[in-house]
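Below is the file target09.cif, which contains mmCIF, C-alpha atoms.
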```cif
data_my_file
loop_
_atom_site.group_PDB
_atom_site.id
_atom_site.type_symbol
_atom_site.label_atom_id
_atom_site.label_comp_id
_atom_site.auth_asym_id
_atom_site.auth_seq_id
_atom_site.Cartn_x
_atom_site.Cartn_y
_atom_site.Cartn_z
ATOM 1 C CA MET A 1 -9.964 17.363 -1.755
ATOM 2 C CA PRO A 2 -6.732 15.856 -3.115
ATOM 3 C CA ILE A 3 -5.798 12.495 -1.615
ATOM 4 C CA ILE A 4 -2.278 13.542 -0.569
ATOM 5 C CA ASN A 5 -2.265 14.477 3.148
ATOM 6 C CA ARG A 6 -5.869 13.298 3.493
ATOM 7 C CA SER A 7 -6.519 10.976 6.425
ATOM 8 C CA ILE A 8 -7.167 7.345 5.633
ATOM 9 C CA PRO A 9 -10.885 6.551 5.799
ATOM 10 C CA GLU A 10 -12.510 5.044 8.857
ATOM 11 C CA PHE A 11 -13.051 1.329 8.334
ATOM 12 C CA SER A 12 -13.522 -2.026 9.995
ATOM 13 C CA VAL A 13 -13.024 -5.032 7.712
ATOM 14 C CA GLN A 14 -12.260 -8.726 7.929
ATOM 15 C CA ALA A 15 -8.810 -9.948 6.928
ATOM 16 C CA PHE A 16 -7.033 -13.207 6.279
ATOM 17 C CA HIS A 17 -3.626 -13.132 7.960
ATOM 18 C CA ASN A 18 -1.253 -15.908 8.995
ATOM 19 C CA GLY A 19 -3.885 -18.611 8.621
ATOM 20 C CA GLU A 20 -6.533 -16.774 10.641
ATOM 21 C CA PHE A 21 -9.422 -14.392 10.160
ATOM 22 C CA LYS A 22 -9.235 -11.138 12.084
ATOM 23 C CA THR A 23 -10.770 -7.684 12.139
ATOM 24 C CA VAL A 24 -8.609 -4.756 11.019
ATOM 25 C CA THR A 25 -9.705 -1.145 11.611
ATOM 26 C CA HIS A 26 -8.358 2.306 10.829
ATOM 27 C CA GLU A 27 -7.277 2.507 14.474
ATOM 28 C CA ASP A 28 -5.044 -0.569 14.037
ATOM 29 C CA VAL A 29 -3.169 1.200 11.260
ATOM 30 C CA LYS A 30 -2.272 4.356 13.144
ATOM 31 C CA GLY A 31 1.084 4.589 14.862
ATOM 32 C CA LYS A 32 3.075 3.009 12.040
ATOM 33 C CA TRP A 33 3.732 3.509 8.358
ATOM 34 C CA SER A 34 1.268 1.542 6.225
ATOM 35 C CA ILE A 35 0.957 0.529 2.592
ATOM 36 C CA PHE A 36 -2.506 -0.161 1.173
ATOM 37 C CA LEU A 37 -2.114 -2.259 -1.976
ATOM 38 C CA PHE A 38 -5.414 -2.382 -3.882
ATOM 39 C CA TYR A 39 -5.916 -4.897 -6.671
ATOM 40 C CA PRO A 40 -8.987 -5.846 -8.740
ATOM 41 C CA ALA A 41 -9.736 -9.427 -7.693
ATOM 42 C CA ASP A 42 -8.450 -12.729 -6.367
ATOM 43 C CA PHE A 43 -7.851 -15.627 -8.791
ATOM 44 C CA THR A 44 -6.749 -13.274 -11.573
ATOM 45 C CA PHE A 45 -3.564 -12.779 -13.596
ATOM 46 C CA VAL A 46 -1.520 -9.645 -12.874
ATOM 47 C CA CYS A 47 -2.659 -9.521 -9.227
ATOM 48 C CA PRO A 48 -0.751 -12.578 -7.965
ATOM 49 C CA THR A 49 2.455 -11.321 -9.587
ATOM 50 C CA GLU A 50 2.127 -8.010 -7.740
ATOM 51 C CA LEU A 51 1.220 -9.528 -4.386
ATOM 52 C CA GLU A 52 4.094 -12.020 -4.656
ATOM 53 C CA ASP A 53 6.468 -9.171 -5.604
ATOM 54 C CA MET A 54 5.379 -7.262 -2.479
ATOM 55 C CA ALA A 55 5.811 -10.439 -0.399
ATOM 56 C CA LYS A 56 9.452 -10.609 -1.544
ATOM 57 C CA HIS A 57 10.016 -7.111 -0.085
ATOM 58 C CA TYR A 58 7.892 -7.587 3.046
ATOM 59 C CA ASP A 59 10.762 -8.295 5.451
ATOM 60 C CA GLU A 60 12.572 -5.158 4.256
ATOM 61 C CA LEU A 61 9.408 -3.097 4.715
ATOM 62 C CA GLN A 62 8.861 -4.566 8.185
ATOM 63 C CA ALA A 63 12.437 -3.538 9.081
ATOM 64 C CA LEU A 64 11.464 0.006 8.042
ATOM 65 C CA GLY A 65 8.453 -0.114 10.398
ATOM 66 C CA VAL A 66 5.917 -0.524 7.583
ATOM 67 C CA GLU A 67 2.887 -2.823 7.527
ATOM 68 C CA VAL A 68 1.425 -3.868 4.188
ATOM 69 C CA TYR A 69 -2.303 -4.418 3.657
ATOM 70 C CA SER A 70 -3.433 -5.893 0.362
ATOM 71 C CA VAL A 71 -7.048 -5.028 -0.453
ATOM 72 C CA SER A 72 -9.589 -6.279 -2.963
ATOM 73 C CA CYS A 73 -13.367 -6.231 -3.039
ATOM 74 C CA ASP A 74 -13.337 -9.983 -2.406
ATOM 75 C CA THR A 75 -14.086 -11.443 1.027
ATOM 76 C CA HIS A 76 -11.595 -12.733 3.568
ATOM 77 C CA PHE A 77 -12.932 -16.226 2.763
ATOM 78 C CA THR A 78 -11.912 -15.817 -0.874
ATOM 79 C CA HIS A 79 -8.478 -14.586 0.233
ATOM 80 C CA LYS A 80 -8.020 -17.792 2.260
ATOM 81 C CA ALA A 81 -9.079 -19.990 -0.652
ATOM 82 C CA TRP A 82 -6.671 -18.162 -2.985
ATOM 83 C CA HIS A 83 -3.886 -18.412 -0.392
ATOM 84 C CA ASP A 84 -4.520 -22.161 -0.076
ATOM 85 C CA HIS A 85 -4.411 -22.777 -3.851
ATOM 86 C CA SER A 86 -1.867 -20.379 -5.353
ATOM 87 C CA PRO A 87 1.885 -20.827 -4.902
ATOM 88 C CA ALA A 88 2.388 -17.078 -5.400
ATOM 89 C CA ILE A 89 -0.228 -16.069 -2.828
ATOM 90 C CA SER A 90 0.822 -18.704 -0.295
ATOM 91 C CA SER A 91 4.076 -16.736 0.162
ATOM 92 C CA ILE A 92 2.192 -13.710 1.556
ATOM 93 C CA LYS A 93 2.784 -12.892 5.231
ATOM 94 C CA TYR A 94 0.959 -9.542 5.290
ATOM 95 C CA PRO A 95 -2.781 -9.089 6.015
ATOM 96 C CA MET A 96 -5.163 -9.496 3.078
ATOM 97 C CA LEU A 97 -8.158 -7.213 3.700
ATOM 98 C CA GLY A 98 -11.579 -8.135 2.384
ATOM 99 C CA ASP A 99 -13.582 -5.157 1.125
ATOM 100 C CA PRO A 100 -16.832 -6.628 -0.278
ATOM 101 C CA THR A 101 -18.808 -3.465 0.564
ATOM 102 C CA GLY A 102 -16.192 -1.231 -1.090
ATOM 103 C CA VAL A 103 -15.707 0.993 1.963
ATOM 104 C CA LEU A 104 -11.940 1.044 1.470
ATOM 105 C CA ALA A 105 -11.988 1.192 -2.334
ATOM 106 C CA ARG A 106 -14.346 4.185 -2.191
ATOM 107 C CA GLY A 107 -12.434 5.775 0.691
ATOM 108 C CA PHE A 108 -9.225 5.696 -1.339
ATOM 109 C CA ASP A 109 -11.009 6.701 -4.593
ATOM 110 C CA VAL A 110 -10.145 3.524 -6.526
ATOM 111 C CA MET A 111 -13.598 1.893 -6.805
ATOM 112 C CA ILE A 112 -14.850 0.994 -10.293
ATOM 113 C CA GLU A 113 -18.554 1.154 -9.469
ATOM 114 C CA GLU A 114 -19.890 -0.554 -12.590
ATOM 115 C CA GLN A 115 -17.598 -3.561 -12.035
ATOM 116 C CA GLY A 116 -17.531 -3.766 -8.249
ATOM 117 C CA LEU A 117 -13.726 -3.894 -8.438
ATOM 118 C CA ALA A 118 -10.841 -1.639 -7.460
ATOM 119 C CA TYR A 119 -8.171 -0.103 -9.648
ATOM 120 C CA ARG A 120 -4.560 -0.941 -8.836
ATOM 121 C CA GLY A 121 -3.940 1.690 -6.183
ATOM 122 C CA THR A 122 -0.918 1.913 -3.912
ATOM 123 C CA PHE A 123 -1.034 4.273 -0.937
ATOM 124 C CA LEU A 124 1.511 4.997 1.776
ATOM 125 C CA ALA A 125 0.154 6.420 5.018
ATOM 126 C CA ASP A 126 2.325 7.896 7.753
ATOM 127 C CA PRO A 127 1.918 6.974 11.446
ATOM 128 C CA GLU A 128 -0.754 9.683 11.852
ATOM 129 C CA GLY A 129 -2.800 8.066 9.073
ATOM 130 C CA LYS A 130 -2.075 10.784 6.488
ATOM 131 C CA ILE A 131 -1.574 9.634 2.905
ATOM 132 C CA LYS A 132 1.890 10.596 1.671
ATOM 133 C CA VAL A 133 2.142 8.586 -1.553
ATOM 134 C CA ALA A 134 -0.680 7.730 -3.944
ATOM 135 C CA GLU A 135 -0.305 5.836 -7.190
ATOM 136 C CA ILE A 136 -3.178 4.503 -9.282
ATOM 137 C CA HIS A 137 -2.778 2.284 -12.339
ATOM 138 C CA ASP A 138 -5.189 0.963 -14.914
ATOM 139 C CA ASN A 139 -5.767 -2.701 -14.162
ATOM 140 C CA GLY A 140 -3.647 -4.000 -17.036
ATOM 141 C CA ILE A 141 -0.474 -2.340 -15.680
ATOM 142 C CA GLY A 142 1.459 -4.062 -12.901
ATOM 143 C CA ARG A 143 3.434 -2.261 -10.195
ATOM 144 C CA SER A 144 6.908 -2.617 -8.704
ATOM 145 C CA ALA A 145 7.316 -3.278 -4.979
ATOM 146 C CA LYS A 146 10.989 -2.297 -5.272
ATOM 147 C CA ASP A 147 10.010 1.225 -6.314
ATOM 148 C CA MET A 148 7.494 1.395 -3.479
ATOM 149 C CA VAL A 149 10.277 0.557 -1.013
ATOM 150 C CA ARG A 150 12.265 3.473 -2.465
ATOM 151 C CA LYS A 151 9.270 5.776 -1.993
ATOM 152 C CA VAL A 152 8.836 4.603 1.611
ATOM 153 C CA LYS A 153 12.466 5.443 2.352
ATOM 154 C CA ALA A 154 12.065 8.885 0.735
ATOM 155 C CA ALA A 155 8.843 9.622 2.644
ATOM 156 C CA GLN A 156 10.410 8.558 5.921
ATOM 157 C CA TYR A 157 13.526 10.638 5.216
ATOM 158 C CA VAL A 158 11.474 13.769 4.475
ATOM 159 C CA ALA A 159 9.386 13.184 7.624
ATOM 160 C CA GLN A 160 12.531 12.977 9.743
ATOM 161 C CA HIS A 161 14.490 15.826 8.108
ATOM 162 C CA ASP A 162 12.446 19.021 8.176
ATOM 163 C CA GLY A 163 13.229 21.308 5.257
ATOM 164 C CA GLU A 164 14.880 18.657 3.083
ATOM 165 C CA VAL A 165 13.407 17.110 -0.050
ATOM 166 C CA CYS A 166 14.365 14.068 -2.128
ATOM 167 C CA PRO A 167 15.086 14.629 -5.830
ATOM 168 C CA ALA A 168 13.967 12.308 -8.640
ATOM 169 C CA ALA A 169 15.061 8.663 -8.368
ATOM 170 C CA TRP A 170 16.555 9.374 -4.920
ATOM 171 C CA GLU A 171 17.915 6.334 -3.111
ATOM 172 C CA ALA A 172 18.755 6.156 0.590
ATOM 173 C CA GLY A 173 22.208 7.596 1.241
ATOM 174 C CA GLN A 174 22.156 9.936 -1.740
ATOM 175 C CA GLU A 175 22.231 13.698 -1.475
ATOM 176 C CA THR A 176 18.989 15.541 -0.791
ATOM 177 C CA LEU A 177 18.048 19.151 -1.430
ATOM 178 C CA LYS A 178 17.256 22.038 0.905
ATOM 179 C CA PRO A 179 14.980 24.350 -1.074
ATOM 180 C CA SER A 180 16.199 27.932 -0.851
ATOM 181 C CA LEU A 181 16.577 31.078 -2.872
ATOM 182 C CA ASP A 182 20.177 29.996 -3.607
ATOM 183 C CA LEU A 183 18.945 26.935 -5.566
ATOM 184 C CA VAL A 184 16.482 28.768 -7.822
ATOM 185 C CA GLY A 185 17.541 28.278 -11.439
ATOM 186 C CA LYS A 186 20.649 26.260 -10.501
ATOM 187 C CA ILE A 187 19.243 22.754 -10.723
#
```
Starting from the file, give its structure as structure tokens.
Amino acid sequence: MPIINRSIPEFSVQAFHNGEFKTVTHEDVKGKWSIFLFYPADFTFVCPTELEDMAKHYDELQALGVEVYSVSCDTHFTHKAWHDHSPAISSIKYPMLGDPTGVLARGFDVMIEEQGLAYRGTFLADPEGKIKVAEIHDNGIGRSAKDMVRKVKAAQYVAQHDGEVCPAAWEAGQETLKPSLDLVGKI
């Protein structure tokens, strides 16, 4: 089954968030838009640049009603140690989920079994827990949080405006499309 419109997997994992350890479950995620930001491992190279980039956009995402969950196959203890030692990671305000058993990485189809690591996967789930955006990168290719914000705005717009769609590179406030027979062959 394709991952788009699939429900997020059931899970219960430990997280490091705001200086504390806490349990986060699939039930905690429902009712709001959520980004799951998978990365291979703590104490690496591209990963802190991506997590710091997302941290720079976190307030904007929160204003849009979106929670961000970073996820690696490390433990919540490792997340705390990384947070305590890395200037980039210390700026993170969103929950860092530990996934040492790979339940989330397998549930989102990003697990690299032979390495025990996850690919760089970014997933946006709607308030019902349905995946609306899925992007998976090879681990040497970093992502852009700015583009993810754009995708969040497009997904939220489409969810709120039945029958409208957002064209390529759409930004909030730009014209959308209403698919119809009149548009066939005219775009």
Distance query Ile8 of chain A at most 10 Å, all atoms listed in the file, self and fewer than 6 positions along chain excluded, as a compact mmCIF listing (two decimals) with C-alpha atoms, keeping the file's coordinate frame:
```txt
# COMPACT_ATOMS: atom_id res chain seq x y z
CA HIS A 26 -8.36 2.31 10.83
CA VAL A 29 -3.17 1.20 11.26
CA LYS A 30 -2.27 4.36 13.14
CA PHE A 36 -2.51 -0.16 1.17
CA LEU A 104 -11.94 1.04 1.47
CA GLY A 107 -12.43 5.78 0.69
CA PHE A 108 -9.22 5.70 -1.34
CA PHE A 123 -1.03 4.27 -0.94
CA LEU A 124 1.51 5.00 1.78
CA ALA A 125 0.15 6.42 5.02
CA ASP A 126 2.33 7.90 7.75
CA GLU A 128 -0.75 9.68 11.85
CA GLY A 129 -2.80 8.07 9.07
CA LYS A 130 -2.08 10.78 6.49
CA ILE A 131 -1.57 9.63 2.90
```
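By all atoms listed in the file, and with residues fewer than 6 positions from segment 86-94 of chain A along its chain excluded, the set lying at most 8 Å from it is His17, Asn18, Pro48, Thr49, Leu51, Glu52, Ala55, Tyr58, Glu67, Val68, Tyr69 and Ser70 of chain A.
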Closest of A:Ile112, A:Ala41, A:Val103, A:Val13 to His76 of chain A - atom-to-atom distances counting all atoms listed in the file
A:Val13
At what distance in Å, to one decimal, does atom CA of Ser34 of chain A lie from atom CA of Ala145 of chain A?
13.6 Å
Mind telling me what the PyMOL selection byres ((chain A and resi 139-143) around 8) catches here, as a compact mmCIF listing (two decimals) with C-alpha atoms, keeping the file's coordinate frame?
```
# COMPACT_ATOMS: atom_id res chain seq x y z
CA TYR A 39 -5.92 -4.90 -6.67
CA PRO A 40 -8.99 -5.85 -8.74
CA VAL A 46 -1.52 -9.64 -12.87
CA CYS A 47 -2.66 -9.52 -9.23
CA GLU A 50 2.13 -8.01 -7.74
CA TYR A 119 -8.17 -0.10 -9.65
CA ARG A 120 -4.56 -0.94 -8.84
CA HIS A 137 -2.78 2.28 -12.34
CA ASP A 138 -5.19 0.96 -14.91
CA SER A 144 6.91 -2.62 -8.70
CA ALA A 145 7.32 -3.28 -4.98
```
List the neighbours of segment 183-187 of chain A out to 12 Å using only C-alpha atoms; skip same-chain residues closer than 4 positions along the sequence, and give me the result as a list in words.
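Listed by chain and then number, they are Pro167, Ala168, Leu177, Lys178 and Pro179 of chain A.
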Nearest to Trp33 of chain A, restricted to all atoms listed in the file and choosing among A:Ala159, A:Leu117, A:Met96, A:Ala105, comes out as A:Ala159
Residues within 12 Å of Val165 of chain A, please, as number ranges by chain. Count all atoms listed in the file; anything in the same chain fewer than 4 positions from it doesn't count.
A: 153-161, 169-170, 174-180
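Proximity ranking of A:Val152, A:Met1, A:Val71, A:Ala118 relative to Val24 of chain A places A:Val71 first, based on only C-alpha atoms.
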Would you mind putting back N, CA, C and O atoms on segment 101-125 of chain A, then writing it out as a compact mmCIF listing (two decimals), keeping the file's coordinate frame?
```txt
# COMPACT_ATOMS: atom_id res chain seq x y z
N THR A 101 -17.89 -4.61 0.62
CA THR A 101 -18.81 -3.46 0.56
C THR A 101 -18.19 -2.26 -0.13
O THR A 101 -18.87 -1.28 -0.40
N GLY A 102 -16.87 -2.32 -0.39
CA GLY A 102 -16.19 -1.23 -1.09
C GLY A 102 -15.87 -0.02 -0.23
O GLY A 102 -15.50 1.02 -0.75
N VAL A 103 -15.96 -0.16 1.09
CA VAL A 103 -15.71 0.99 1.96
C VAL A 103 -14.28 1.51 1.79
O VAL A 103 -14.06 2.72 1.75
N LEU A 104 -13.33 0.61 1.66
CA LEU A 104 -11.94 1.04 1.47
C LEU A 104 -11.71 1.54 0.04
O LEU A 104 -11.07 2.58 -0.16
N ALA A 105 -12.19 0.79 -0.94
CA ALA A 105 -11.99 1.19 -2.33
C ALA A 105 -12.58 2.58 -2.59
O ALA A 105 -11.97 3.41 -3.27
N ARG A 106 -13.75 2.85 -2.03
CA ARG A 106 -14.35 4.18 -2.19
C ARG A 106 -13.58 5.22 -1.37
O ARG A 106 -13.37 6.35 -1.81
N GLY A 107 -13.16 4.85 -0.18
CA GLY A 107 -12.43 5.78 0.69
C GLY A 107 -11.10 6.22 0.12
O GLY A 107 -10.63 7.31 0.42
N PHE A 108 -10.49 5.36 -0.69
CA PHE A 108 -9.22 5.70 -1.34
C PHE A 108 -9.43 6.10 -2.80
O PHE A 108 -8.46 6.25 -3.55
N ASP A 109 -10.67 6.26 -3.23
CA ASP A 109 -11.01 6.70 -4.59
C ASP A 109 -10.49 5.78 -5.70
O ASP A 109 -10.05 6.24 -6.75
N VAL A 110 -10.58 4.46 -5.49
CA VAL A 110 -10.14 3.52 -6.53
C VAL A 110 -11.27 2.57 -6.96
O VAL A 110 -11.04 1.67 -7.76
N MET A 111 -12.48 2.79 -6.49
CA MET A 111 -13.60 1.89 -6.80
C MET A 111 -14.07 2.09 -8.24
O MET A 111 -14.28 3.22 -8.69
N ILE A 112 -14.22 0.99 -8.96
CA ILE A 112 -14.85 0.99 -10.29
C ILE A 112 -16.28 0.52 -10.05
O ILE A 112 -16.56 -0.67 -9.97
N GLU A 113 -17.18 1.47 -9.89
CA GLU A 113 -18.55 1.15 -9.47
C GLU A 113 -19.25 0.14 -10.37
O GLU A 113 -19.88 -0.80 -9.89
N GLU A 114 -19.15 0.31 -11.68
CA GLU A 114 -19.89 -0.55 -12.59
C GLU A 114 -19.38 -1.99 -12.60
O GLU A 114 -20.05 -2.89 -13.08
N GLN A 115 -18.17 -2.21 -12.07
CA GLN A 115 -17.60 -3.56 -12.04
C GLN A 115 -17.52 -4.14 -10.63
O GLN A 115 -17.30 -5.35 -10.46
N GLY A 116 -17.67 -3.30 -9.62
CA GLY A 116 -17.53 -3.77 -8.25
C GLY A 116 -16.11 -4.17 -7.90
O GLY A 116 -15.89 -4.99 -7.02
N LEU A 117 -15.15 -3.59 -8.62
CA LEU A 117 -13.73 -3.89 -8.44
C LEU A 117 -12.95 -2.62 -8.14
O LEU A 117 -13.45 -1.51 -8.36
N ALA A 118 -11.72 -2.79 -7.71
CA ALA A 118 -10.84 -1.64 -7.46
C ALA A 118 -9.79 -1.53 -8.55
O ALA A 118 -9.35 -2.55 -9.10
N TYR A 119 -9.36 -0.31 -8.83
CA TYR A 119 -8.17 -0.10 -9.65
C TYR A 119 -6.95 -0.51 -8.84
O TYR A 119 -7.00 -0.65 -7.61
N ARG A 120 -5.83 -0.66 -9.51
CA ARG A 120 -4.56 -0.94 -8.84
C ARG A 120 -4.07 0.34 -8.19
O ARG A 120 -3.47 1.18 -8.83
N GLY A 121 -4.36 0.51 -6.92
CA GLY A 121 -3.94 1.69 -6.18
C GLY A 121 -2.95 1.31 -5.10
O GLY A 121 -3.13 0.31 -4.42
N THR A 122 -1.91 2.11 -4.96
CA THR A 122 -0.92 1.91 -3.91
C THR A 122 -0.83 3.20 -3.12
O THR A 122 -0.63 4.27 -3.70
N PHE A 123 -1.01 3.10 -1.80
CA PHE A 123 -1.03 4.27 -0.94
C PHE A 123 -0.13 4.04 0.26
O PHE A 123 -0.17 2.96 0.87
N LEU A 124 0.67 5.04 0.58
CA LEU A 124 1.51 5.00 1.78
C LEU A 124 0.97 6.01 2.76
O LEU A 124 0.84 7.20 2.43
N ALA A 125 0.64 5.54 3.95
CA ALA A 125 0.15 6.42 5.02
C ALA A 125 1.20 6.50 6.11
O ALA A 125 1.84 5.49 6.45
```
